[in-house]
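Take a look at the structure set out below.
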Amino acid sequence: MNLPACWTSAIDQPDHKFAELARTRQGVLTKPPGSLGRLEELAIALSAQQRSQTPAVDKVHISVFAGDHGVCSEGISAFPQAVTAQMIANFAHGGAAISVLAKQLNANLEVVNLGTVGDVPQGLAGVIDEYIAPATGNLASEPAMNEQQVAAALDAGDRAAERAAQNGAQLFIGGDMGIGNTTSAAALACLLLDQRPEQLAGPGTGLNREGVTHKAQVIEQALIRHGSDRSPLALLASLGGFEIAALTGAFLGAAARGIPVLVDGYIVSVAALIGVRQQPALRDWLHFSHRSAEPGHRLVLDALAADPLLDLGMRLGEGSGAATAVPLLRSACVLHNGMASFADAGVSGAS
Ligand SMILES: Cc1cc2ncn([C@H]3O[C@H](COP(=O)(O)O)[C@@H](O)[C@H]3O)c2cc1C
Ligand SMILES: O=C(O)c1cccnc1
């Protein structure tokens, strides 16, 4: 098994010297100290992560990872599996939510196709073929992936982070597309957080109460089958999705390359938590964009000690919540870089 280097090699901490410089600057800008609240903290964290006195998120790289899930045969989604492949084409044609938001942000958007049951037309612009298999195994009755498949997915994520680095990205966003993936994410979260399926199974794309109860039962079967190994690799192989493993690899890869990450919703947060369990130093590179309406997200965020910027009732995935929060990070940076100091502006400081 060939795991990418970022799986085990140490991730550096953000540079605290730049954090100190940024904190000092925030204290002399023409405002009561602390009055820009979390925008100040964002600017300080981005300065340390980017090793820059003028942090910026002008160049945003968005990778949407797509893959199908064998567990769909258990009837756990409100939508058919064919949607995964159809949405890949929609991403490429500019019609998906993340396509529109990426355009608004002038961000670089790519779609990494790890394998779908439905056909994806060849040669779609911005779609990168990282085919592993048509779908994962049905996690209720068999491992979702073998170790080679997990390694391939982690590696595909790491390569996305490398492309972001090559493009000079100042921020990395990972998105997910895979019908059935809230079941996979919930099963993973059960073992990561030691919680019951009823706590972590939610409506996803729109299941009713009966549907959510059935989904929790399917997850319960998966947990019984899984056994006791809680290592990140074993969890991914047993219960993961190709796109979830790729997201974990991408976040570790981005942090290893010094690129801060803006985390999206439920599925992406579970991938981030797996990365943090593997490499706790990853946590210092993560910003959290929003609290998803998927009920289990709250518990996953708590486990990451994360207080996301937005709570808009969004529950889409694709990286859409993260993209929606980018303007806040941009505001934090332009305020930090552009405001005058008390001394420069001739404004009196606190007495
Ligand atoms: C048209 C459409 C676009 C989407 N974009 C993201 N998702 C989101 O919903 C799916 C997860 O929900 P579940 O586990 O209930 O299937 C994933 O594909 C996720 O990315 C979508 C879902 C649909 C239907
Ligand atoms: O929060 C998410 O990421 C989410 C929730 C429901 C469906 N798809 C994604």
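In the structure tokens, chains take letters A, B, ... by order of appearance, with residues numbered from 1 within each chain and ligands from 1 in the order shown.
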
>> If the limit is 6 Å from any atom of ligand 1, counting only C-alpha atoms and all ligand atoms, which residues qualify? Return them as a list in words.
In response: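 Selection of residues at most 6 Å from ligand 1: Ser77, Ala78, Phe79, Asp176, Met177, Gly178, Ile179, Gly180, Asn181, Thr182, Thr183, Gly204, Thr205, Leu316, Gly317 and Glu318 of chain A.
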
Using only N, CA and C atoms, please write the residues we just selected to a file, as an mmCIF file, in the first residue's frame.
data_model
loop_
_atom_site.group_PDB
_atom_site.id
_atom_site.type_symbol
_atom_site.label_atom_id
_atom_site.label_comp_id
_atom_site.auth_asym_id
_atom_site.auth_seq_id
_atom_site.Cartn_x
_atom_site.Cartn_y
_atom_site.Cartn_z
ATOM 1 N N SER A 77 -31.100 6.984 0.536
ATOM 2 C CA SER A 77 -31.112 8.372 0.044
ATOM 3 C C SER A 77 -32.448 8.672 -0.619
ATOM 4 N N ALA A 78 -32.816 9.941 -0.579
ATOM 5 C CA ALA A 78 -34.049 10.372 -1.249
ATOM 6 C C ALA A 78 -33.853 10.449 -2.765
ATOM 7 N N PHE A 79 -32.601 10.376 -3.221
ATOM 8 C CA PHE A 79 -32.310 10.540 -4.648
ATOM 9 C C PHE A 79 -31.625 9.301 -5.230
ATOM 10 N N ASP A 176 -17.869 17.774 -1.621
ATOM 11 C CA ASP A 176 -18.231 16.364 -1.799
ATOM 12 C C ASP A 176 -19.417 16.236 -2.734
ATOM 13 N N MET A 177 -19.416 15.184 -3.543
ATOM 14 C CA MET A 177 -20.602 14.809 -4.315
ATOM 15 C C MET A 177 -20.661 13.291 -4.354
ATOM 16 N N GLY A 178 -21.696 12.723 -3.803
ATOM 17 C CA GLY A 178 -21.840 11.268 -3.830
ATOM 18 C C GLY A 178 -23.145 10.874 -3.158
ATOM 19 N N ILE A 179 -24.128 10.505 -3.969
ATOM 20 C CA ILE A 179 -25.416 10.111 -3.387
ATOM 21 C C ILE A 179 -25.164 8.987 -2.373
ATOM 22 N N GLY A 180 -25.738 9.120 -1.197
ATOM 23 C CA GLY A 180 -25.546 8.131 -0.122
ATOM 24 C C GLY A 180 -24.457 8.509 0.861
ATOM 25 N N ASN A 181 -23.740 9.609 0.607
ATOM 26 C CA ASN A 181 -22.558 9.850 1.458
ATOM 27 C C ASN A 181 -22.880 10.375 2.854
ATOM 28 N N THR A 182 -24.110 10.825 3.108
ATOM 29 C CA THR A 182 -24.407 11.174 4.506
ATOM 30 C C THR A 182 -24.518 9.905 5.366
ATOM 31 N N THR A 183 -24.834 8.766 4.749
ATOM 32 C CA THR A 183 -24.850 7.499 5.500
ATOM 33 C C THR A 183 -23.426 7.091 5.864
ATOM 34 N N GLY A 204 -30.300 13.964 5.266
ATOM 35 C CA GLY A 204 -29.494 14.071 4.034
ATOM 36 C C GLY A 204 -30.228 14.896 2.994
ATOM 37 N N THR A 205 -30.429 14.312 1.807
ATOM 38 C CA THR A 205 -31.102 15.037 0.723
ATOM 39 C C THR A 205 -32.599 15.187 0.955
ATOM 40 N N LEU A 316 -26.261 21.247 1.605
ATOM 41 C CA LEU A 316 -26.059 20.856 0.199
ATOM 42 C C LEU A 316 -24.782 20.066 -0.010
ATOM 43 N N GLY A 317 -23.690 20.470 0.616
ATOM 44 C CA GLY A 317 -22.405 19.863 0.257
ATOM 45 C C GLY A 317 -21.799 20.581 -0.940
ATOM 46 N N GLU A 318 -20.970 19.893 -1.695
ATOM 47 C CA GLU A 318 -20.268 20.438 -2.878
ATOM 48 C C GLU A 318 -19.211 21.484 -2.518
#

>> I need the residues of range 99-193 of chain A that end up classed as alpha helix (DSSP H) by DSSP on the backbone, written out as a VMD selection string.
In response: chain A and resid 99 to 105 147 to 166 181 to 193

Just to be explicit: take each residue in the selection above, keep C-alpha atoms, and write the result as an mmCIF file, in the first residue's frame.
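That gives us again_32.cif:
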data_model
loop_
_atom_site.group_PDB
_atom_site.id
_atom_site.type_symbol
_atom_site.label_atom_id
_atom_site.label_comp_id
_atom_site.auth_asym_id
_atom_site.auth_seq_id
_atom_site.Cartn_x
_atom_site.Cartn_y
_atom_site.Cartn_z
ATOM 1 C CA SER A 99 -20.134 26.274 -10.093
ATOM 2 C CA VAL A 100 -22.033 29.516 -9.647
ATOM 3 C CA LEU A 101 -20.333 30.376 -6.343
ATOM 4 C CA ALA A 102 -16.872 29.560 -7.718
ATOM 5 C CA LYS A 103 -17.517 31.925 -10.623
ATOM 6 C CA GLN A 104 -18.671 34.659 -8.239
ATOM 7 C CA LEU A 105 -15.462 34.240 -6.205
ATOM 8 C CA GLU A 147 -6.542 -0.756 1.439
ATOM 9 C CA GLN A 148 -5.324 -0.064 -2.107
ATOM 10 C CA GLN A 149 -8.516 1.854 -2.835
ATOM 11 C CA VAL A 150 -8.167 3.946 0.334
ATOM 12 C CA ALA A 151 -4.569 4.712 -0.605
ATOM 13 C CA ALA A 152 -5.611 5.672 -4.142
ATOM 14 C CA ALA A 153 -8.306 8.010 -2.825
ATOM 15 C CA LEU A 154 -5.979 9.636 -0.253
ATOM 16 C CA ASP A 155 -3.429 10.087 -3.006
ATOM 17 C CA ALA A 156 -5.975 11.660 -5.377
ATOM 18 C CA GLY A 157 -6.719 14.181 -2.620
ATOM 19 C CA ASP A 158 -3.051 14.870 -2.039
ATOM 20 C CA ARG A 159 -2.576 15.496 -5.778
ATOM 21 C CA ALA A 160 -5.428 18.008 -5.695
ATOM 22 C CA ALA A 161 -3.594 19.844 -2.903
ATOM 23 C CA GLU A 162 -0.448 19.773 -5.045
ATOM 24 C CA ARG A 163 -2.338 21.357 -7.975
ATOM 25 C CA ALA A 164 -3.640 24.028 -5.583
ATOM 26 C CA ALA A 165 -0.068 24.725 -4.443
ATOM 27 C CA GLN A 166 1.133 24.901 -8.065
ATOM 28 C CA ASN A 181 -22.558 9.850 1.458
ATOM 29 C CA THR A 182 -24.407 11.174 4.506
ATOM 30 C CA THR A 183 -24.850 7.499 5.500
ATOM 31 C CA SER A 184 -21.126 6.872 5.153
ATOM 32 C CA ALA A 185 -20.283 10.093 7.022
ATOM 33 C CA ALA A 186 -22.725 9.263 9.827
ATOM 34 C CA ALA A 187 -21.336 5.729 10.213
ATOM 35 C CA LEU A 188 -17.807 7.121 10.428
ATOM 36 C CA ALA A 189 -18.891 9.769 12.928
ATOM 37 C CA CYS A 190 -20.496 7.105 15.156
ATOM 38 C CA LEU A 191 -17.131 5.418 15.654
ATOM 39 C CA LEU A 192 -15.105 8.633 15.750
ATOM 40 C CA LEU A 193 -17.351 10.124 18.438
#

Determine which residues of range 18-222 of chain A receive a DSSP assignment of strand (DSSP E), computed from the backbone, and state them as a PDB file with C-alpha atoms, in the first residue's frame.
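As a result, states_39.pdb now contains:
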ATOM      1  CA  VAL A  60      -9.108  30.138  -3.912  1.00  0.00           C
ATOM      2  CA  HIS A  61      -8.823  26.546  -5.106  1.00  0.00           C
ATOM      3  CA  ILE A  62     -11.966  24.385  -4.914  1.00  0.00           C
ATOM      4  CA  SER A  63     -11.774  20.621  -5.511  1.00  0.00           C
ATOM      5  CA  VAL A  64     -15.091  18.776  -5.529  1.00  0.00           C
ATOM      6  CA  PHE A  65     -14.490  15.057  -4.993  1.00  0.00           C
ATOM      7  CA  ALA A  66     -17.150  12.751  -6.430  1.00  0.00           C
ATOM      8  CA  ASN A 108     -10.399  27.816  -9.525  1.00  0.00           C
ATOM      9  CA  LEU A 109     -12.940  24.931  -9.554  1.00  0.00           C
ATOM     10  CA  GLU A 110     -12.047  21.347 -10.427  1.00  0.00           C
ATOM     11  CA  VAL A 111     -14.070  18.144 -10.076  1.00  0.00           C
ATOM     12  CA  VAL A 112     -12.189  14.968  -9.190  1.00  0.00           C
ATOM     13  CA  ASN A 113     -14.129  11.920 -10.388  1.00  0.00           C
ATOM     14  CA  VAL A 127     -13.123  17.185 -14.575  1.00  0.00           C
ATOM     15  CA  ILE A 128     -10.114  15.134 -13.483  1.00  0.00           C
ATOM     16  CA  ASP A 129     -10.373  11.372 -13.876  1.00  0.00           C
ATOM     17  CA  LEU A 171      -7.066  28.908   0.475  1.00  0.00           C
ATOM     18  CA  PHE A 172      -8.175  25.329  -0.197  1.00  0.00           C
ATOM     19  CA  ILE A 173     -11.837  24.283  -0.244  1.00  0.00           C
ATOM     20  CA  GLY A 174     -12.897  20.646  -0.597  1.00  0.00           C
ATOM     21  CA  GLY A 175     -16.397  19.687  -1.651  1.00  0.00           C
ATOM     22  CA  ASP A 176     -18.231  16.364  -1.799  1.00  0.00           C
ATOM     23  CA  MET A 177     -20.602  14.809  -4.315  1.00  0.00           C
TER      24      MET A 177
END

> If you count only C-alpha atoms, which residues fall within 8 Å of Gly296 in chain A, apart from same-chain ones fewer than 5 positions away, as a ChimeraX atom specification?
Replying inline: /A:186,199-202,266

Output for the residues just chosen: C-alpha atoms as an mmCIF file, in the first residue's frame:
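This is the output file result08.cif:
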data_model
loop_
_atom_site.group_PDB
_atom_site.id
_atom_site.type_symbol
_atom_site.label_atom_id
_atom_site.label_comp_id
_atom_site.auth_asym_id
_atom_site.auth_seq_id
_atom_site.Cartn_x
_atom_site.Cartn_y
_atom_site.Cartn_z
ATOM 1 C CA ALA A 186 -22.725 9.263 9.827
ATOM 2 C CA GLN A 199 -27.659 10.682 17.010
ATOM 3 C CA LEU A 200 -25.834 10.989 13.718
ATOM 4 C CA ALA A 201 -28.228 9.814 10.995
ATOM 5 C CA GLY A 202 -30.181 12.683 9.463
ATOM 6 C CA TYR A 266 -21.233 17.506 7.482
#

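Using only C-alpha atoms and all ligand atoms, the shortest contact distance between ligand 2 and any of A:Asp264, A:Asp307, A:Asp68, A:Asp344 is found at A:Asp264.
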
>> With only C-alpha atoms as the counted atoms, please give the residues lying no more than 9 Å from His226 in chain A, apart from itself and same-chain residues fewer than 5 positions off, as a PyMOL selection string.
In response: chain A and resi 139-140+142-143+221+235+238-239

> Quick one: residues within 10 Å of Arg298 in chain A, only C-alpha atoms counted, chain neighbours fewer than 4 positions away excluded, as a list in words?
Replying inline: Leu200, Tyr266, Arg291, Ser292, Ala293, Glu294, Asp302, Ala303, Leu304, Ala306, Asp307 and Pro308 of chain A

> Any idea what's packed within 10 Å of Lys17 in chain A, counting only C-alpha atoms, ignoring anything in its chain fewer than 6 positions away? Could you give it as an NGL selection string?
Replying inline: :A and (23 or 47-48 or 51-52)

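Every protein or nucleic acid residue with an atom no more than 10 Å from Val276 in chain A, counting only C-alpha atoms and leaving out same-chain residues fewer than 3 positions away, appears here: Pro232, Thr248, Phe251, Leu252, Val270, Ala271, Ala272, Leu273, Gln279, Pro280, Ala281, Leu282, Arg283, Asp284, Leu286 and Leu304 of chain A.
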
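Of the listed residues (A:Pro203, A:Pro121, A:Gly338, A:Gly240), A:Pro203 comes nearest to ligand 2; the distances count only C-alpha atoms and all ligand atoms.
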
> For the atom pair CA of Phe288 in chain A and CA of Pro32 in chain A, what is the interatomic distance in Å to one decimal place?
Replying inline: 25.8 Å

> Of the candidates A:Ile219, A:Val71, A:Leu114, A:Ala125, which one gets nearest to His93 in chain A if we count only C-alpha atoms?
Replying inline: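 Distance minimum relative to His93 in chain A lands on A:Ala125.
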
> How far is it from CA of Thr54 in chain A to CA of Asp12 in chain A, in Å with one decimal?
Replying inline: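 One can read the CA of Thr54 in chain A to CA of Asp12 in chain A distance as 20.3 Å.
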
> Which distance in Å separates CA of Ser9 in chain A and CA of Ala256 in chain A, to one decimal?
Replying inline: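 Value for the CA of Ser9 in chain A-CA of Ala256 in chain A distance: 8.4 Å.
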
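Minimum distance to ligand 2 across A:Ala43, A:Ala322, A:Ile11, A:Ala222 (counting only C-alpha atoms and all ligand atoms) occurs at A:Ala322.
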